[in-house]
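Peer 1: Pasting coords-v7.csv here (CSV, C-alpha atoms and all ligand atoms):
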```
chain,number,residue,atom,x,y,z
A,29,MET,CA,65.2,-48.0,12.3
A,30,VAL,CA,62.9,-46.5,9.7
A,31,GLU,CA,60.8,-49.6,9.8
A,32,ALA,CA,60.3,-49.4,13.6
A,33,THR,CA,59.4,-45.7,13.3
A,34,LEU,CA,56.9,-46.4,10.6
A,35,ASN,CA,55.3,-49.3,12.6
A,36,GLU,CA,55.2,-47.2,15.7
A,37,LEU,CA,53.7,-44.3,13.8
A,38,ALA,CA,51.0,-46.5,12.3
A,39,ALA,CA,50.0,-47.7,15.7
A,40,SER,CA,50.1,-44.4,17.6
A,41,ALA,CA,48.6,-42.2,14.8
A,42,GLY,CA,46.0,-44.9,14.2
A,43,ALA,CA,45.0,-44.8,17.9
A,44,ARG,CA,44.9,-41.0,17.9
A,45,ILE,CA,42.7,-41.0,14.8
A,46,GLU,CA,40.4,-43.5,16.5
A,47,GLN,CA,40.2,-41.5,19.7
A,48,ALA,CA,39.7,-38.1,18.1
A,49,GLY,CA,36.7,-36.5,19.8
A,50,SER,CA,35.9,-34.0,17.2
A,51,SER,CA,36.3,-33.2,13.6
A,52,GLU,CA,38.7,-30.4,14.5
A,53,GLU,CA,40.8,-32.7,16.7
A,54,LEU,CA,41.0,-35.3,13.9
A,55,GLU,CA,42.0,-32.6,11.4
A,56,GLN,CA,44.9,-31.6,13.7
A,57,VAL,CA,46.1,-35.3,13.8
A,58,ARG,CA,45.8,-35.5,10.0
A,59,ILE,CA,47.9,-32.3,9.5
A,60,GLU,CA,50.6,-33.5,12.0
A,61,VAL,CA,50.9,-37.0,10.5
A,62,LEU,CA,49.7,-36.8,6.8
A,63,GLY,CA,50.2,-33.1,6.1
A,64,ARG,CA,52.7,-31.6,3.7
A,65,LYS,CA,55.1,-30.9,6.6
A,66,GLY,CA,53.8,-33.9,8.7
A,67,VAL,CA,55.7,-36.8,10.1
A,68,LEU,CA,55.3,-39.1,7.1
A,69,ALA,CA,56.5,-36.3,4.8
A,70,GLN,CA,59.6,-36.0,7.0
A,71,ILE,CA,60.2,-39.8,6.9
A,72,SER,CA,59.7,-39.8,3.2
A,73,LYS,CA,62.5,-37.2,2.9
A,74,GLU,CA,64.8,-39.4,4.8
A,75,MET,CA,64.3,-42.4,2.6
A,76,GLY,CA,67.3,-41.2,0.6
A,77,LYS,CA,69.5,-42.1,3.5
A,78,VAL,CA,68.5,-45.8,3.9
A,79,LEU,CA,70.5,-48.6,2.4
A,80,PRO,CA,69.7,-49.1,-1.3
A,81,GLN,CA,68.7,-52.8,-0.8
A,82,ASP,CA,66.1,-51.7,1.9
A,83,ARG,CA,64.7,-48.8,-0.1
A,84,ALA,CA,62.0,-50.6,-2.1
A,85,ARG,CA,60.7,-52.5,0.9
A,86,LEU,CA,60.6,-49.4,3.2
A,87,GLY,CA,59.1,-47.3,0.5
A,88,LYS,CA,56.3,-49.8,0.1
A,89,LEU,CA,55.8,-49.9,3.9
A,90,LEU,CA,55.7,-46.1,4.0
A,91,ASN,CA,53.0,-46.0,1.3
A,92,GLU,CA,51.0,-48.7,3.1
A,93,VAL,CA,51.1,-46.8,6.4
A,94,LYS,CA,50.2,-43.6,4.6
A,95,GLN,CA,47.3,-45.2,2.9
A,96,ARG,CA,46.0,-46.9,6.0
A,97,LEU,CA,46.1,-43.7,8.0
A,98,GLU,CA,44.5,-41.8,5.3
A,99,GLN,CA,41.7,-44.3,5.0
A,100,ALA,CA,41.2,-44.3,8.8
A,101,SER,CA,41.1,-40.5,8.9
A,102,ASP,CA,38.6,-40.3,6.0
A,103,ALA,CA,36.4,-42.9,7.5
A,104,LYS,CA,36.4,-41.1,10.9
A,105,GLN,CA,35.8,-37.7,9.3
A,106,GLY,CA,32.9,-39.3,7.4
A,107,ARG,CA,31.4,-40.5,10.7
A,108,PHE,CA,31.7,-37.0,12.2
A,109,ALA,CA,30.0,-35.5,9.1
A,110,GLU,CA,27.2,-38.0,9.4
A,111,ALA,CA,26.7,-37.3,13.1
A,112,ALA,CA,26.7,-33.6,12.4
A,113,MET,CA,24.2,-34.0,9.7
A,114,ARG,CA,22.0,-36.2,11.9
A,115,ALA,CA,22.2,-33.6,14.7
A,116,ARG,CA,21.2,-30.8,12.3
A,117,LEU,CA,18.3,-32.8,10.9
A,118,GLU,CA,17.1,-33.4,14.4
A,119,ALA,CA,17.4,-29.7,15.3
A,120,GLU,CA,16.0,-28.3,12.1
A,121,TRP,CA,13.2,-30.9,11.7
A,122,ILE,CA,10.0,-29.4,10.5
A,123,ASP,CA,6.6,-30.9,10.0
A,124,LEU,CA,5.4,-29.8,6.6
A,125,THR,CA,1.9,-31.0,7.3
A,126,LEU,CA,1.4,-28.5,10.2
A,127,PRO,CA,-0.6,-25.4,9.2
A,128,CYS,CA,1.9,-22.5,8.9
A,129,PRO,CA,1.2,-19.2,10.6
A,130,GLN,CA,-0.7,-17.0,8.2
A,131,PRO,CA,0.2,-13.4,7.7
A,132,PRO,CA,-2.8,-11.3,8.9
A,133,VAL,CA,-5.2,-10.4,6.1
A,134,ARG,CA,-5.1,-6.6,5.7
A,135,HIS,CA,-7.3,-4.4,3.5
A,136,LEU,CA,-7.4,-0.9,2.2
A,137,HIS,CA,-9.1,1.8,4.3
A,138,PRO,CA,-12.8,1.9,3.6
A,139,ILE,CA,-12.6,5.4,2.3
A,140,THR,CA,-9.8,4.3,-0.1
A,141,GLN,CA,-11.9,1.4,-1.2
A,142,ILE,CA,-14.8,3.6,-2.1
A,143,GLN,CA,-12.5,6.2,-3.8
A,144,ASP,CA,-10.9,3.4,-5.9
A,145,GLU,CA,-14.3,2.1,-7.0
A,146,ILE,CA,-15.5,5.6,-8.0
A,147,GLU,CA,-12.3,6.3,-9.9
A,148,ASP,CA,-12.5,3.0,-11.7
A,149,LEU,CA,-16.1,3.7,-12.8
A,150,PHE,CA,-15.3,7.2,-14.1
A,151,VAL,CA,-12.1,6.0,-15.9
A,152,SER,CA,-14.3,3.4,-17.6
A,153,LEU,CA,-16.5,6.3,-18.7
A,154,GLY,CA,-13.5,8.2,-20.2
A,155,PHE,CA,-12.8,10.5,-17.3
A,156,ALA,CA,-9.2,11.6,-16.3
A,157,VAL,CA,-8.3,11.2,-12.6
A,158,LEU,CA,-6.6,14.4,-11.5
A,159,ASP,CA,-4.8,15.4,-8.3
A,160,GLY,CA,-4.4,18.8,-6.8
A,161,PRO,CA,-2.4,20.3,-3.9
A,162,GLU,CA,-3.8,20.2,-0.4
A,163,VAL,CA,-2.2,23.6,0.3
A,164,GLU,CA,-4.0,25.8,-2.2
A,165,THR,CA,-4.0,29.4,-3.3
A,166,GLU,CA,-6.9,31.6,-2.3
A,167,TYR,CA,-7.4,32.1,-6.0
A,168,HIS,CA,-8.0,28.5,-6.9
A,169,ASN,CA,-10.0,27.7,-3.7
A,170,PHE,CA,-12.2,30.7,-3.9
A,171,ASP,CA,-11.8,33.5,-6.5
A,172,ALA,CA,-11.7,31.3,-9.6
A,173,LEU,CA,-14.7,29.5,-8.3
A,174,ASN,CA,-16.8,32.7,-8.3
A,175,ILE,CA,-16.3,33.2,-4.6
A,176,PRO,CA,-14.7,36.7,-4.2
A,177,ALA,CA,-13.3,37.9,-0.9
A,178,THR,CA,-16.5,39.7,0.0
A,179,HIS,CA,-18.8,36.7,-0.7
A,180,PRO,CA,-20.7,35.3,2.3
A,181,ALA,CA,-20.1,31.7,0.9
A,182,ARG,CA,-16.5,32.0,2.2
A,183,ASP,CA,-17.9,31.8,5.7
A,184,ALA,CA,-19.7,28.5,5.0
A,185,GLN,CA,-16.3,26.8,4.6
A,186,ASP,CA,-14.4,27.7,7.8
A,187,THR,CA,-10.9,27.9,6.4
A,188,PHE,CA,-7.4,27.1,7.8
A,189,TRP,CA,-5.4,30.0,6.6
A,190,LEU,CA,-1.6,29.8,6.4
A,191,ASP,CA,0.7,32.7,7.2
A,192,ASP,CA,1.8,33.1,3.6
A,193,GLY,CA,-1.8,33.8,2.4
A,194,ASN,CA,-2.3,30.3,1.1
A,195,LEU,CA,-4.8,27.9,2.8
A,196,LEU,CA,-5.6,24.2,3.3
A,197,ARG,CA,-8.2,23.6,0.6
A,198,THR,CA,-11.7,23.5,1.9
A,199,HIS,CA,-13.0,21.3,-0.9
A,200,THR,CA,-11.8,19.5,-4.0
A,201,SER,CA,-13.4,22.1,-6.3
A,202,PRO,CA,-10.1,24.0,-6.9
A,203,VAL,CA,-9.0,20.9,-8.9
A,204,GLN,CA,-11.8,21.9,-11.4
A,205,VAL,CA,-9.9,25.1,-12.0
A,206,ARG,CA,-6.6,23.4,-12.3
A,207,GLY,CA,-8.1,20.8,-14.7
A,208,MET,CA,-9.6,23.5,-16.9
A,209,GLU,CA,-6.3,25.4,-16.9
A,210,ARG,CA,-4.2,22.4,-17.7
A,211,LEU,CA,-6.4,20.4,-20.1
A,212,GLY,CA,-8.9,22.9,-21.5
A,213,PRO,CA,-12.2,21.9,-23.1
A,214,PRO,CA,-13.6,19.3,-23.8
A,215,LEU,CA,-12.9,17.9,-20.4
A,216,ARG,CA,-14.0,15.0,-18.3
A,217,MET,CA,-12.3,14.7,-14.9
A,218,VAL,CA,-12.7,13.4,-11.4
A,219,ALA,CA,-10.5,14.6,-8.5
A,220,PRO,CA,-10.5,12.7,-5.2
A,221,GLY,CA,-8.7,14.1,-2.2
A,222,ARG,CA,-8.4,15.3,1.3
A,223,VAL,CA,-9.9,18.6,2.4
A,224,PHE,CA,-9.8,20.6,5.6
A,225,ARG,CA,-12.3,22.8,7.5
A,226,ASN,CA,-11.9,24.7,10.7
A,227,GLU,CA,-15.0,23.0,12.1
A,228,SER,CA,-16.1,21.9,15.5
A,229,VAL,CA,-15.8,18.2,15.3
A,230,ASP,CA,-18.8,16.0,16.2
A,231,ALA,CA,-20.3,12.7,15.1
A,232,SER,CA,-20.9,13.8,11.6
A,233,HIS,CA,-18.3,16.6,11.1
A,234,GLU,CA,-14.5,16.2,10.8
A,235,HIS,CA,-11.9,18.9,10.3
A,236,THR,CA,-10.2,16.7,7.8
A,237,PHE,CA,-12.2,14.6,5.4
A,238,TYR,CA,-12.4,13.3,1.9
A,239,GLN,CA,-14.3,14.4,-1.2
A,240,ILE,CA,-14.4,13.5,-4.8
A,241,GLU,CA,-15.0,16.2,-7.4
A,242,GLY,CA,-16.3,15.5,-10.9
A,243,MET,CA,-16.5,17.8,-13.9
A,244,VAL,CA,-17.5,17.7,-17.6
A,245,VAL,CA,-16.9,20.7,-19.9
A,246,ASP,CA,-18.3,20.2,-23.4
A,247,ARG,CA,-20.8,21.6,-25.8
A,248,GLU,CA,-24.5,21.6,-25.0
A,249,VAL,CA,-24.2,19.9,-21.6
A,250,SER,CA,-27.5,19.7,-19.7
A,251,VAL,CA,-28.9,18.8,-16.3
A,252,ALA,CA,-30.1,15.5,-17.9
A,253,HIS,CA,-26.5,14.5,-18.5
A,254,LEU,CA,-25.7,15.4,-14.9
A,255,ILE,CA,-28.5,13.3,-13.6
A,256,TYR,CA,-27.5,10.4,-15.8
A,257,PHE,CA,-23.9,10.4,-14.5
A,258,MET,CA,-25.0,10.9,-10.9
A,259,LYS,CA,-27.5,8.0,-11.1
A,260,THR,CA,-24.8,5.7,-12.7
A,261,MET,CA,-22.3,6.6,-10.0
A,262,LEU,CA,-24.7,6.1,-7.1
A,263,THR,CA,-26.1,2.8,-8.5
A,264,GLU,CA,-22.5,1.6,-8.7
A,265,ILE,CA,-21.6,2.8,-5.2
A,266,PHE,CA,-24.7,1.3,-3.5
A,267,ARG,CA,-24.8,-1.8,-5.9
A,268,GLN,CA,-28.5,-1.3,-6.5
A,269,GLU,CA,-30.8,0.9,-8.6
A,270,VAL,CA,-31.3,4.2,-6.8
A,271,THR,CA,-33.9,6.9,-7.1
A,272,VAL,CA,-32.6,10.4,-7.0
A,273,ARG,CA,-34.1,13.9,-6.7
A,274,LEU,CA,-32.7,17.3,-7.1
A,275,ARG,CA,-33.4,20.2,-4.8
A,276,PRO,CA,-32.2,23.7,-5.4
A,277,GLY,CA,-28.9,24.2,-3.6
A,278,TYR,CA,-26.6,27.2,-3.6
A,279,PHE,CA,-22.9,26.9,-4.6
A,280,PRO,CA,-21.5,30.1,-6.2
A,281,PHE,CA,-19.6,28.0,-8.9
A,282,VAL,CA,-22.7,26.3,-10.4
A,283,GLU,CA,-25.9,27.8,-11.8
A,284,PRO,CA,-28.4,26.2,-11.4
A,285,GLY,CA,-27.0,24.5,-8.3
A,286,PHE,CA,-28.6,21.4,-6.6
A,287,GLU,CA,-28.4,19.2,-3.6
A,288,LEU,CA,-28.9,15.7,-4.8
A,289,ASP,CA,-30.8,13.2,-2.5
A,290,VAL,CA,-31.1,9.5,-2.8
A,291,ARG,CA,-34.3,7.7,-1.8
A,292,CYS,CA,-33.4,6.1,1.5
A,293,LEU,CA,-32.1,2.6,0.9
A,294,LEU,CA,-32.8,1.4,4.4
A,295,CYS,CA,-36.6,2.1,4.5
A,296,GLY,CA,-37.3,2.5,0.8
A,297,GLY,CA,-38.7,6.0,1.4
A,298,ASP,CA,-41.2,5.2,4.1
A,299,GLY,CA,-39.1,7.1,6.7
A,300,CYS,CA,-36.6,5.9,9.3
A,301,PRO,CA,-34.0,7.3,11.7
A,302,VAL,CA,-31.3,7.3,9.0
A,303,CYS,CA,-33.3,9.5,6.7
A,304,LYS,CA,-34.7,11.4,9.6
A,305,GLN,CA,-38.2,10.2,8.6
A,306,SER,CA,-38.0,12.2,5.3
A,307,GLY,CA,-37.5,9.1,3.0
A,308,TRP,CA,-34.5,10.9,1.4
A,309,VAL,CA,-30.8,11.1,2.2
A,310,GLU,CA,-28.6,14.0,1.0
A,311,GLN,CA,-25.7,12.9,-1.0
A,312,LEU,CA,-23.9,15.6,-2.9
A,313,GLY,CA,-23.8,19.1,-4.3
A,314,CYS,CA,-23.9,19.6,-8.0
A,315,GLY,CA,-25.0,21.8,-10.9
A,316,LEU,CA,-24.1,23.3,-14.2
A,317,VAL,CA,-20.8,25.1,-14.2
A,318,HIS,CA,-21.2,28.9,-13.7
A,319,PRO,CA,-20.1,30.9,-16.8
A,320,ASN,CA,-17.8,33.0,-14.5
A,321,VAL,CA,-15.9,29.9,-13.6
A,322,LEU,CA,-15.4,28.9,-17.2
A,323,ARG,CA,-14.4,32.5,-18.0
A,324,SER,CA,-11.8,32.6,-15.1
A,325,SER,CA,-10.1,29.6,-16.7
A,326,GLY,CA,-10.1,31.1,-20.2
A,327,ILE,CA,-13.0,29.1,-21.5
A,328,ASP,CA,-15.6,30.8,-23.6
A,329,PRO,CA,-19.0,30.1,-22.0
A,330,ASP,CA,-20.8,31.0,-25.3
A,331,ILE,CA,-19.2,27.8,-26.8
A,332,TRP,CA,-18.7,25.6,-23.8
A,333,ASN,CA,-20.7,24.6,-20.7
A,334,GLY,CA,-20.6,21.8,-18.2
A,335,TRP,CA,-21.6,20.1,-15.0
A,336,ALA,CA,-19.8,19.5,-11.8
A,337,PHE,CA,-20.4,17.6,-8.5
A,338,GLY,CA,-18.7,17.3,-5.1
A,339,LEU,CA,-19.3,14.2,-3.0
A,340,GLY,CA,-18.3,13.7,0.6
A,341,LEU,CA,-16.4,10.3,0.5
A,342,THR,CA,-16.1,10.2,4.3
A,343,ARG,CA,-19.9,10.5,4.8
A,344,LEU,CA,-20.4,8.0,2.0
A,345,ALA,CA,-18.2,5.4,3.8
A,346,MET,CA,-20.3,6.0,7.0
A,347,MET,CA,-23.5,5.3,5.1
A,348,ARG,CA,-22.1,2.2,3.3
A,349,TYR,CA,-20.7,0.6,6.5
A,350,GLY,CA,-23.4,1.9,8.9
A,351,ILE,CA,-20.9,3.9,11.0
A,352,ASP,CA,-22.6,6.4,13.3
A,353,ASP,CA,-19.5,8.4,14.3
A,354,ILE,CA,-17.3,10.0,11.7
A,355,ARG,CA,-14.3,10.2,14.1
A,356,LEU,CA,-13.9,6.4,14.1
A,357,LEU,CA,-12.9,6.5,10.4
A,358,GLN,CA,-9.7,8.4,11.0
A,359,GLY,CA,-9.1,7.6,14.6
A,360,GLY,CA,-6.4,5.1,13.6
A,361,ASP,CA,-7.9,2.3,15.9
A,362,LEU,CA,-7.2,-1.0,14.0
A,363,ARG,CA,-9.7,-2.8,16.2
A,364,PHE,CA,-12.4,-0.7,14.5
A,365,LEU,CA,-11.0,-0.8,11.0
A,366,GLU,CA,-10.5,-4.5,11.0
A,367,GLN,CA,-14.2,-5.0,11.3
A,368,LEU,CA,-14.9,-3.4,8.0
B,401,LIG,C1,-18.8,21.5,-1.4
B,401,LIG,O1,-17.7,21.3,-0.8
B,401,LIG,C2,-18.8,21.8,-2.8
B,401,LIG,N1,-17.4,22.0,-3.3
B,401,LIG,C3,-19.4,20.6,-3.5
B,401,LIG,C4,-19.8,20.9,-5.0
B,401,LIG,C5,-18.9,20.7,-6.0
B,401,LIG,C6,-21.0,21.5,-5.3
B,401,LIG,C7,-19.2,20.9,-7.3
B,401,LIG,C8,-21.4,21.8,-6.6
B,401,LIG,C9,-20.5,21.5,-7.6
B,401,LIG,P1,-20.2,21.1,0.7
B,401,LIG,O2,-19.6,22.1,1.6
B,401,LIG,O3,-21.7,20.9,0.8
B,401,LIG,O4,-19.9,21.4,-0.8
B,401,LIG,O5,-19.5,19.7,1.0
B,401,LIG,C10,-19.7,18.6,0.1
B,401,LIG,C11,-19.8,17.3,0.9
B,401,LIG,O6,-18.7,17.2,1.8
B,401,LIG,C12,-21.0,17.3,1.8
B,401,LIG,O7,-22.1,16.8,1.2
B,401,LIG,C13,-20.6,16.3,2.9
B,401,LIG,O8,-20.7,15.0,2.5
B,401,LIG,C14,-19.1,16.5,3.0
B,401,LIG,N2,-18.7,17.4,4.1
B,401,LIG,C15,-18.9,18.7,4.3
B,401,LIG,N3,-18.4,19.1,5.5
B,401,LIG,C16,-18.0,18.0,6.1
B,401,LIG,C17,-17.4,17.7,7.4
B,401,LIG,N4,-17.1,18.7,8.2
B,401,LIG,N5,-17.1,16.5,7.7
B,401,LIG,C18,-17.3,15.5,6.8
B,401,LIG,N6,-17.9,15.6,5.6
B,401,LIG,C19,-18.2,16.9,5.3
```
Since I need it in another form, could you write the structure as structure tokens?

Peer 2:
Amino acid sequence: MVEATLNELAASAGARIEQAGSSEELEQVRIEVLGRKGVLAQISKEMGKVLPQDRARLGKLLNEVKQRLEQASDAKQGRFAEAAMRARLEAEWIDLTLPCPQPPVRHLHPITQIQDEIEDLFVSLGFAVLDGPEVETEYHNFDALNIPATHPARDAQDTFWLDDGNLLRTHTSPVQVRGMERLGPPLRMVAPGRVFRNESVDASHEHTFYQIEGMVVDREVSVAHLIYFMKTMLTEIFRQEVTVRLRPGYFPFVEPGFELDVRCLLCGGDGCPVCKQSGWVEQLGCGLVHPNVLRSSGIDPDIWNGWAFGLGLTRLAMMRYGIDDIRLLQGGDLRFLEQL
């Protein structure tokens, strides 16, 4: 009886294993036949009931059937695994020799690039790089820079006033004041940043643009020092030797004050449209720090003096890259920026 059952099971389960169409189906058969609560386990439990003289033979047969079915199941499962692996390899096949899609090459904004270069230069010369708030107090933007409320120079920098009496800084010069207040003399600092003016926008005027400020406060500082640093900076920026000239220029926070021009790099000074036929291109405002400015920040002008400059980074970027409309620089049009 047990023998017949075992032989029949070997045949029927063997056929089911052979015919299983999927790994899941095969697993189902395995659990039913070979599992802990499967048919073979049931038969094994009933072996106690068979006649003692048949027990060894039937026990052997049971083991043989079990082994055969296990082997058949493992072999079939192996074939499923192999087929699955082959299908996966087929589906996920990649050609490592194909050029892979490159991430687009990006770069820093041209103004940021120039700012970084100038910062690096001044850091190498022992200057600190300072930051200041874009929303400034009237005191730091004007009064401490020797521009009292009644001074006509306030009109030259059309100001965005805020309701609380503060303003959007019109230049980076207030960071001079903050630098002197915070660090005191001797002082070497540059301060790049964004500034704002309530201007009518045109090809060379923005309401929001970038400047970099520079300042040295020390003993016996002269215009010769100022010229040396300005020439070093401009030579680095334009990557060639530059000739500079100073013209008198009025800024209430420096005395004497200058406009600094560079001999036109395009025509070498002969005259061209870029330098408006003058041979010179205006670059920056500078001068020796006014004693009142030092005094406002608690520095004794009888002991200390200094120089300062303020350079328009946005206009500089225009010159370096030959951009004829300032509005392009911050228009946010990537088609334009990607050309630089
Ligand atoms: C000043 O802002 C002074 N604070 C500079 C200075 C600092 C002088 C220290 C002396 C000592 P000015 O208003 O000229 O100066 O502006 C400086 C530069 O900012 C200009 O040379 C120009 O390059 C740039 N600039 C001024 N107005 C605009 C504008 N609307 N759009 C773009 N750039 C501008």

Peer 1: Given a cut-off of 9 Å, what residues near ligand LIG 401 (chain B) show up using only C-alpha atoms and all ligand atoms, put as a VMD selection string?

Peer 2: chain A and resid 184 to 185 198 to 202 204 223 to 243 277 to 282 285 to 287 310 to 317 335 to 344 354

Peer 1: Report, in Å with one decimal, the straight-line distance from CA of Ala109 (chain A) to CA of Asp123 (chain A).

Peer 2: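 Interatomic distance, CA of Ala109 (chain A) to CA of Asp123 (chain A): 23.9 Å.
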
Peer 1: Counting only C-alpha atoms, figure out which residue out of A:Pro80, A:Asp144, A:Cys303, A:Arg44 gets nearest to Met347 (chain A).

Peer 2: A:Cys303

Peer 1: As an exercise, work out the distance from CA of Ala32 (chain A) to CA of Gly66 (chain A) in Å and give it to one decimal place.

Peer 2: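 For CA of Ala32 (chain A) relative to CA of Gly66 (chain A), the distance reads 17.5 Å.
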
Peer 1: So the first atom is CA of Arg247 (chain A) and the second is CA of Trp332 (chain A); what is the distance between them in Å, to one decimal place?

Peer 2: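 Taking CA of Arg247 (chain A) as the start and CA of Trp332 (chain A) as the end point, the length is 4.9 Å.
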
Peer 1: Pick out the closest residue to Val157 (chain A) from this set: A:His137, A:Ala219, A:Pro213, A:Ser250. Count all atoms listed in the file.

Peer 2: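 The shortest atom-to-atom distance to Val157 (chain A) comes from A:Ala219.
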